[in-house]
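Structure file work-v3.pdb; described as PDB, C-alpha atoms.
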ATOM      1  CA  MET A  37      22.729-126.752 117.594  1.00  0.00           C
ATOM      2  CA  SER A  38      23.200-130.142 115.878  1.00  0.00           C
ATOM      3  CA  HIS A  39      20.867-128.941 113.101  1.00  0.00           C
ATOM      4  CA  LYS A  40      23.296-126.060 112.356  1.00  0.00           C
ATOM      5  CA  ILE A  41      26.264-128.444 112.352  1.00  0.00           C
ATOM      6  CA  ARG A  42      24.524-130.772 109.875  1.00  0.00           C
ATOM      7  CA  LEU A  43      23.583-127.807 107.686  1.00  0.00           C
ATOM      8  CA  SER A  44      27.186-126.528 107.712  1.00  0.00           C
ATOM      9  CA  ALA A  45      28.465-129.999 106.901  1.00  0.00           C
ATOM     10  CA  THR A  46      25.981-130.263 104.024  1.00  0.00           C
ATOM     11  CA  ILE A  47      27.011-126.860 102.633  1.00  0.00           C
ATOM     12  CA  ALA A  48      30.687-127.769 102.987  1.00  0.00           C
ATOM     13  CA  GLY A  49      30.019-131.046 101.159  1.00  0.00           C
ATOM     14  CA  LEU A  50      28.206-129.240  98.349  1.00  0.00           C
ATOM     15  CA  LEU A  51      31.013-126.705  97.999  1.00  0.00           C
ATOM     16  CA  LEU A  52      33.611-129.463  97.944  1.00  0.00           C
ATOM     17  CA  GLY A  53      31.586-131.342  95.308  1.00  0.00           C
ATOM     18  CA  ALA A  54      31.253-128.192  93.194  1.00  0.00           C
ATOM     19  CA  LEU A  55      34.999-127.559  93.459  1.00  0.00           C
ATOM     20  CA  VAL A  56      35.806-131.113  92.366  1.00  0.00           C
ATOM     21  CA  PHE A  57      33.318-130.834  89.489  1.00  0.00           C
ATOM     22  CA  CYS A  58      34.831-127.519  88.304  1.00  0.00           C
ATOM     23  CA  ASN A  59      38.347-128.935  88.422  1.00  0.00           C
ATOM     24  CA  ALA A  60      37.177-132.001  86.506  1.00  0.00           C
ATOM     25  CA  CYS A  61      35.763-129.688  83.812  1.00  0.00           C
ATOM     26  CA  LYS A  62      39.073-127.834  83.570  1.00  0.00           C
ATOM     27  CA  ASP A  63      40.984-131.098  83.395  1.00  0.00           C
ATOM     28  CA  THR A  64      38.657-132.302  80.653  1.00  0.00           C
ATOM     29  CA  GLU A  65      39.257-129.119  78.635  1.00  0.00           C
ATOM     30  CA  VAL A  66      43.023-129.425  79.075  1.00  0.00           C
ATOM     31  CA  TYR A  67      42.867-133.084  78.083  1.00  0.00           C
ATOM     32  CA  LYS A  68      40.805-132.248  74.969  1.00  0.00           C
ATOM     33  CA  LEU A  69      43.311-129.583  73.939  1.00  0.00           C
ATOM     34  CA  GLN A  70      46.247-131.931  74.492  1.00  0.00           C
ATOM     35  CA  ARG A  71      44.475-134.652  72.509  1.00  0.00           C
ATOM     36  CA  LYS A  72      43.950-132.183  69.632  1.00  0.00           C
ATOM     37  CA  MET A  73      47.666-131.413  69.613  1.00  0.00           C
ATOM     38  CA  LYS A  74      48.838-135.035  69.378  1.00  0.00           C
ATOM     39  CA  PRO A  75      48.391-135.372  65.579  1.00  0.00           C
ATOM     40  CA  LEU A  76      50.230-132.071  65.164  1.00  0.00           C
ATOM     41  CA  ALA A  77      53.080-133.371  67.327  1.00  0.00           C
ATOM     42  CA  LYS A  78      53.262-136.416  65.054  1.00  0.00           C
ATOM     43  CA  ALA A  79      53.300-134.123  61.991  1.00  0.00           C
ATOM     44  CA  TYR A  80      56.086-132.057  63.550  1.00  0.00           C
ATOM     45  CA  LEU A  81      58.179-135.159  64.240  1.00  0.00           C
ATOM     46  CA  GLN A  82      57.588-136.322  60.677  1.00  0.00           C
ATOM     47  CA  GLU A  83      58.765-132.925  59.350  1.00  0.00           C
ATOM     48  CA  GLU A  84      61.888-133.297  61.483  1.00  0.00           C
ATOM     49  CA  ASN A  85      62.441-136.841  60.113  1.00  0.00           C
ATOM     50  CA  ILE A  86      62.008-138.438  63.531  1.00  0.00           C
ATOM     51  CA  LYS A  87      60.260-141.727  62.956  1.00  0.00           C
ATOM     52  CA  ASP A  88      61.674-144.181  65.458  1.00  0.00           C
ATOM     53  CA  TYR A  89      59.875-143.350  68.686  1.00  0.00           C
ATOM     54  CA  LYS A  90      57.783-145.482  70.989  1.00  0.00           C
ATOM     55  CA  GLU A  91      55.723-143.032  73.014  1.00  0.00           C
ATOM     56  CA  LEU A  92      54.597-139.465  72.356  1.00  0.00           C
ATOM     57  CA  THR A  93      53.368-137.225  75.163  1.00  0.00           C
ATOM     58  CA  ILE A  94      51.933-133.717  75.152  1.00  0.00           C
ATOM     59  CA  GLU A  95      53.344-132.139  78.300  1.00  0.00           C
ATOM     60  CA  CYS A  96      51.870-128.640  78.158  1.00  0.00           C
ATOM     61  CA  VAL A  97      49.940-126.324  75.854  1.00  0.00           C
ATOM     62  CA  ASP A  98      50.523-122.590  76.350  1.00  0.00           C
ATOM     63  CA  THR A  99      49.043-119.647  74.535  1.00  0.00           C
ATOM     64  CA  ILE A 100      51.150-116.988  72.855  1.00  0.00           C
ATOM     65  CA  THR A 101      49.652-113.513  72.711  1.00  0.00           C
ATOM     66  CA  GLU A 102      50.769-110.688  70.433  1.00  0.00           C
ATOM     67  CA  VAL A 103      53.131-109.434  73.163  1.00  0.00           C
ATOM     68  CA  GLY A 104      54.525-112.928  73.716  1.00  0.00           C
ATOM     69  CA  TYR A 105      54.991-113.408  69.982  1.00  0.00           C
ATOM     70  CA  ALA A 106      56.877-110.108  69.767  1.00  0.00           C
ATOM     71  CA  GLN A 107      59.124-111.179  72.629  1.00  0.00           C
ATOM     72  CA  LEU A 108      59.802-114.567  71.000  1.00  0.00           C
ATOM     73  CA  THR A 109      60.585-112.825  67.725  1.00  0.00           C
ATOM     74  CA  LEU A 110      62.996-110.444  69.467  1.00  0.00           C
ATOM     75  CA  GLU A 111      64.783-113.339  71.185  1.00  0.00           C
ATOM     76  CA  MET A 112      65.128-115.114  67.857  1.00  0.00           C
ATOM     77  CA  LEU A 113      66.435-111.973  66.162  1.00  0.00           C
ATOM     78  CA  GLN A 114      68.936-111.340  68.958  1.00  0.00           C
ATOM     79  CA  GLY A 115      70.288-114.869  68.556  1.00  0.00           C
ATOM     80  CA  MET A 116      70.509-114.413  64.801  1.00  0.00           C
ATOM     81  CA  ALA A 117      72.281-111.072  65.264  1.00  0.00           C
ATOM     82  CA  ALA A 118      74.860-112.536  67.652  1.00  0.00           C
ATOM     83  CA  GLU A 119      75.603-115.364  65.229  1.00  0.00           C
ATOM     84  CA  ALA A 120      75.810-113.029  62.207  1.00  0.00           C
ATOM     85  CA  GLU A 121      78.032-110.557  64.093  1.00  0.00           C
ATOM     86  CA  GLU A 122      80.445-113.360  64.979  1.00  0.00           C
ATOM     87  CA  GLN A 123      80.579-114.579  61.389  1.00  0.00           C
ATOM     88  CA  TYR A 124      81.010-111.010  60.132  1.00  0.00           C
ATOM     89  CA  ALA A 125      83.915-110.412  62.528  1.00  0.00           C
ATOM     90  CA  ASN A 126      85.665-113.619  61.407  1.00  0.00           C
ATOM     91  CA  GLN A 127      85.512-112.909  57.664  1.00  0.00           C
ATOM     92  CA  GLU A 128      87.893-110.699  55.756  1.00  0.00           C
ATOM     93  CA  GLY A 129      86.912-108.647  52.739  1.00  0.00           C
ATOM     94  CA  ASP A 130      85.345-111.257  50.497  1.00  0.00           C
ATOM     95  CA  HIS A 131      81.826-111.436  49.085  1.00  0.00           C
ATOM     96  CA  SER A 132      80.499-113.258  52.147  1.00  0.00           C
ATOM     97  CA  THR A 133      81.430-110.253  54.317  1.00  0.00           C
ATOM     98  CA  GLU A 134      79.094-108.100  52.254  1.00  0.00           C
ATOM     99  CA  VAL A 135      76.317-110.700  52.555  1.00  0.00           C
ATOM    100  CA  GLN A 136      76.788-110.863  56.352  1.00  0.00           C
ATOM    101  CA  TYR A 137      76.626-107.057  56.537  1.00  0.00           C
ATOM    102  CA  LEU A 138      73.336-107.017  54.607  1.00  0.00           C
ATOM    103  CA  LEU A 139      71.943-109.791  56.812  1.00  0.00           C
ATOM    104  CA  LEU A 140      72.879-107.846  59.949  1.00  0.00           C
ATOM    105  CA  LYS A 141      71.214-104.756  58.532  1.00  0.00           C
ATOM    106  CA  ASP A 142      67.991-106.728  57.918  1.00  0.00           C
ATOM    107  CA  ILE A 143      68.108-108.222  61.414  1.00  0.00           C
ATOM    108  CA  TYR A 144      68.591-104.825  63.059  1.00  0.00           C
ATOM    109  CA  HIS A 145      65.763-103.355  60.995  1.00  0.00           C
ATOM    110  CA  ALA A 146      63.417-106.185  61.982  1.00  0.00           C
ATOM    111  CA  GLN A 147      64.385-105.740  65.657  1.00  0.00           C
ATOM    112  CA  GLU A 148      63.573-102.026  65.464  1.00  0.00           C
ATOM    113  CA  ASP A 149      60.178-102.749  63.911  1.00  0.00           C
ATOM    114  CA  VAL A 150      59.215-105.241  66.635  1.00  0.00           C
ATOM    115  CA  GLU A 151      60.578-103.053  69.434  1.00  0.00           C
ATOM    116  CA  SER A 152      58.572-100.079  68.152  1.00  0.00           C
ATOM    117  CA  LEU A 153      55.388-102.155  68.256  1.00  0.00           C
ATOM    118  CA  LEU A 154      56.155-103.270  71.808  1.00  0.00           C
ATOM    119  CA  ASP A 155      57.117 -99.794  72.990  1.00  0.00           C
ATOM    120  CA  GLY A 156      54.138 -98.185  71.268  1.00  0.00           C
ATOM    121  CA  GLY A 157      51.645-100.344  73.150  1.00  0.00           C
ATOM    122  CA  ALA A 158      50.022-101.470  69.910  1.00  0.00           C
ATOM    123  CA  LEU A 159      50.112-105.145  70.874  1.00  0.00           C
ATOM    124  CA  SER A 160      47.544-107.044  72.896  1.00  0.00           C
ATOM    125  CA  ASN A 161      48.408-109.206  75.857  1.00  0.00           C
ATOM    126  CA  LYS A 162      45.095-111.048  75.474  1.00  0.00           C
ATOM    127  CA  LYS A 163      44.710-111.861  71.764  1.00  0.00           C
ATOM    128  CA  ILE A 164      45.955-115.406  71.132  1.00  0.00           C
ATOM    129  CA  LEU A 165      48.143-115.684  68.058  1.00  0.00           C
ATOM    130  CA  LEU A 166      49.529-119.188  68.545  1.00  0.00           C
ATOM    131  CA  TYR A 167      49.758-122.184  70.811  1.00  0.00           C
ATOM    132  CA  MET A 168      53.162-123.314  72.028  1.00  0.00           C
ATOM    133  CA  VAL A 169      53.182-127.045  72.698  1.00  0.00           C
ATOM    134  CA  THR A 170      55.796-128.729  74.848  1.00  0.00           C
ATOM    135  CA  SER A 171      56.016-132.425  74.062  1.00  0.00           C
ATOM    136  CA  SER A 172      58.277-135.395  74.458  1.00  0.00           C
ATOM    137  CA  TYR A 173      58.880-138.698  72.801  1.00  0.00           C
ATOM    138  CA  THR A 174      60.568-141.807  74.083  1.00  0.00           C
ATOM    139  CA  THR A 175      62.841-143.913  71.925  1.00  0.00           C
ATOM    140  CA  GLY A 176      63.288-147.674  72.066  1.00  0.00           C
ATOM    141  CA  ASP A 177      66.176-147.294  74.515  1.00  0.00           C
ATOM    142  CA  LYS A 178      63.790-145.418  76.850  1.00  0.00           C
ATOM    143  CA  GLN A 179      65.485-142.057  76.366  1.00  0.00           C
ATOM    144  CA  LYS A 180      63.125-139.109  76.660  1.00  0.00           C
ATOM    145  CA  HIS A 181      63.521-136.266  74.162  1.00  0.00           C
ATOM    146  CA  GLU A 182      61.629-133.003  74.649  1.00  0.00           C
ATOM    147  CA  PHE A 183      60.641-130.672  71.850  1.00  0.00           C
ATOM    148  CA  ILE A 184      58.526-127.569  71.338  1.00  0.00           C
ATOM    149  CA  PHE A 185      56.411-126.639  68.353  1.00  0.00           C
ATOM    150  CA  LEU A 186      53.974-123.871  67.467  1.00  0.00           C
ATOM    151  CA  VAL A 187      50.383-124.311  66.303  1.00  0.00           C
ATOM    152  CA  ASN A 188      48.105-121.831  64.536  1.00  0.00           C
ATOM    153  CA  PRO A 189      45.017-120.648  66.453  1.00  0.00           C
ATOM    154  CA  ASP A 190      42.802-122.929  64.357  1.00  0.00           C
ATOM    155  CA  LYS A 191      44.560-125.844  66.134  1.00  0.00           C
ATOM    156  CA  LYS A 192      44.832-127.589  62.775  1.00  0.00           C
ATOM    157  CA  SER A 193      48.243-126.637  61.412  1.00  0.00           C
ATOM    158  CA  LEU A 194      51.832-126.073  62.485  1.00  0.00           C
ATOM    159  CA  TYR A 195      53.446-122.650  62.453  1.00  0.00           C
ATOM    160  CA  THR A 196      57.118-121.858  61.844  1.00  0.00           C
ATOM    161  CA  LEU A 197      58.418-118.671  63.431  1.00  0.00           C
ATOM    162  CA  ASP A 198      60.022-116.539  60.704  1.00  0.00           C
ATOM    163  CA  PRO A 199      60.752-112.923  61.646  1.00  0.00           C
ATOM    164  CA  PHE A 200      61.304-111.941  58.005  1.00  0.00           C
ATOM    165  CA  GLY A 201      58.600-113.830  56.137  1.00  0.00           C
ATOM    166  CA  ASP A 202      55.325-114.760  57.762  1.00  0.00           C
ATOM    167  CA  ASN A 203      55.532-112.445  60.777  1.00  0.00           C
ATOM    168  CA  LEU A 204      52.079-112.384  62.386  1.00  0.00           C
ATOM    169  CA  LEU A 205      52.626-108.934  63.890  1.00  0.00           C
ATOM    170  CA  PHE A 206      52.572-107.284  60.483  1.00  0.00           C
ATOM    171  CA  GLN A 207      49.527-109.008  59.017  1.00  0.00           C
TER     172      GLN A 207
END
What do you get writing this file as structure tokens?
Amino acid sequence: MSHKIRLSATIAGLLLGALVFCNACKDTEVYKLQRKMKPLAKAYLQEENIKDYKELTIECVDTITEVGYAQLTLEMLQGMAAEAEEQYANQEGDHSTEVQYLLLKDIYHAQEDVESLLDGGALSNKKILLYMVTSSYTTGDKQKHEFIFLVNPDKKSLYTLDPFGDNLLFQ
């Protein structure tokens, strides 16, 4: 009987060791990915003219699939539409009203294009298009400021979401 107990304890110990080892591997991969994103976070802050920070931390790195990208694009377009509609409603018959109308038309057209891709099932929920990195920096007065930036799949360059220009869904 004691032989079976020792054997069970040994197996339990091996399983626990394997579990710890697997989690350590995952943590190492996460850490490597976060470390790769740090120079890109610095580049993003530089682009935003934020230079006076003491500490920079990568909080989380998420993947954005084609479906996720489409949803982000739609959210951005909806925000743009709401803003343009408000401006259009507040203007009266000058040239800027015509410009706002054309902008709204472009926004609605872009929304229809993205919605048709989503509804048509043409987009993958597995193919990674981008990485979304949540980061923070601390200033000299110890205030923490969070920010989010997008990184191309090569993990070497920043990406700017532009539903009209470099839209990854239509490449």
Next on the checklist: I'd like to know which of A:Val66, A:Leu205, A:Met73, A:Ile86 is closest to A:Ser160, using only C-alpha atoms.
Outcome noted: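 Checking each of A:Val66, A:Leu205, A:Met73, A:Ile86 against A:Ser160, counting only C-alpha atoms, the winner is A:Leu205.
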Next on the checklist: I'd like to see the residues matched by the PyMOL selection byres ((chain A and resi 183) around 10) on this file, and ideally I'd get them as a list in words.
Outcome noted: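 On the file shown, the PyMOL selection byres ((chain A and resi 183) around 10) covers Ala77, Tyr80, Leu81, Ile94, Glu95, Val169, Thr170, Ser171, Ser172, Tyr173, His181, Glu182, Ile184 and Phe185 of chain A.
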Item to check | Picked residues, the PyMOL selection byres ((chain A and resi 102) around 8), expected as a list in words | outcome: Ile100, Thr101, Val103, Gly104, Tyr105, Ala106, Leu159, Ser160, Asn161, Lys162, Lys163, Ile164, Leu165 and Leu205 of chain A
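Atom CA of A:Gln207 sits 14.6 Å away from atom CA of A:Thr109.
Evaluated on this file, the PyMOL selection byres ((chain A and resi 192) around 10) matches Lys72, Met73, Pro75, Leu76, Val187, Asn188, Pro189, Asp190, Lys191, Ser193, Leu194 and Tyr195 of chain A.
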Item to check | Residues near A:Glu148, cut-off 12 Å, all atoms listed in the file, skip fewer than 5 positions along chain, as a PyMOL selection string | outcome: chain A and resi 106+109-110+113-114+141-143+153-156+199
Next on the checklist: So, with all atoms listed in the file as the atoms that count, which of A:Val97, A:Lys178, A:Phe206, A:Tyr137 lies closest to A:Lys68?
Outcome noted: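 The answer is A:Val97, which sits nearest to A:Lys68.
The space separating atom CA of A:Leu69 from atom CA of A:Glu111 comes to 27.1 Å.
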Item to check | Distance query 10 Å from (57.2, -142.6, 69.1) using all atoms listed in the file, result as number ranges by chain | outcome: A: 78, 81, 86-93, 172-176
Include C-alpha atoms and write out the residues we just selected as a compact mmCIF listing (two decimals), keeping the file's coordinate frame.
# COMPACT_ATOMS: atom_id res chain seq x y z
CA LYS A 78 53.26 -136.42 65.05
CA LEU A 81 58.18 -135.16 64.24
CA ILE A 86 62.01 -138.44 63.53
CA LYS A 87 60.26 -141.73 62.96
CA ASP A 88 61.67 -144.18 65.46
CA TYR A 89 59.88 -143.35 68.69
CA LYS A 90 57.78 -145.48 70.99
CA GLU A 91 55.72 -143.03 73.01
CA LEU A 92 54.60 -139.46 72.36
CA THR A 93 53.37 -137.22 75.16
CA SER A 172 58.28 -135.40 74.46
CA TYR A 173 58.88 -138.70 72.80
CA THR A 174 60.57 -141.81 74.08
CA THR A 175 62.84 -143.91 71.92
CA GLY A 176 63.29 -147.67 72.07
Checklist outcome for this item: Here atom CA of A:Met168 and atom CA of A:Met116 stand apart by 20.8 Å
Checklist entry - Which residue out of A:Ala79, A:Val135, A:Leu140, A:Leu108 has the minimum interatomic distance to A:Leu197 when only C-alpha atoms are used? => result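 Among the listed residues, the smallest separation from A:Leu197 belongs to A:Leu108.
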Next on the checklist: When you count only C-alpha atoms, which of these residues is closest to A:Ala117: A:Ser132, A:Gln147, A:Thr99, A:Thr196?
Outcome noted: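 Of A:Ser132, A:Gln147, A:Thr99, A:Thr196, the one nearest A:Ala117 is A:Gln147, counting only C-alpha atoms.
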Could you write out as lines of an AutoDock Vina configuration file the box around stretch 69-85 of chain A (axis-aligned, all atoms listed in the file, 8 Å on each side), with centre and edge lengths in Å to one decimal?
center_x = 52.9
center_y = -133.2
center_z = 66.9
size_x = 35.1
size_y = 23.3
size_z = 31.1
Checklist entry - Counting all atoms listed in the file, which of A:Gln107, A:Thr133, A:Ala125, A:Phe200 gets nearest to A:His145? => result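 The shortest atom-to-atom distance to A:His145 comes from A:Phe200.
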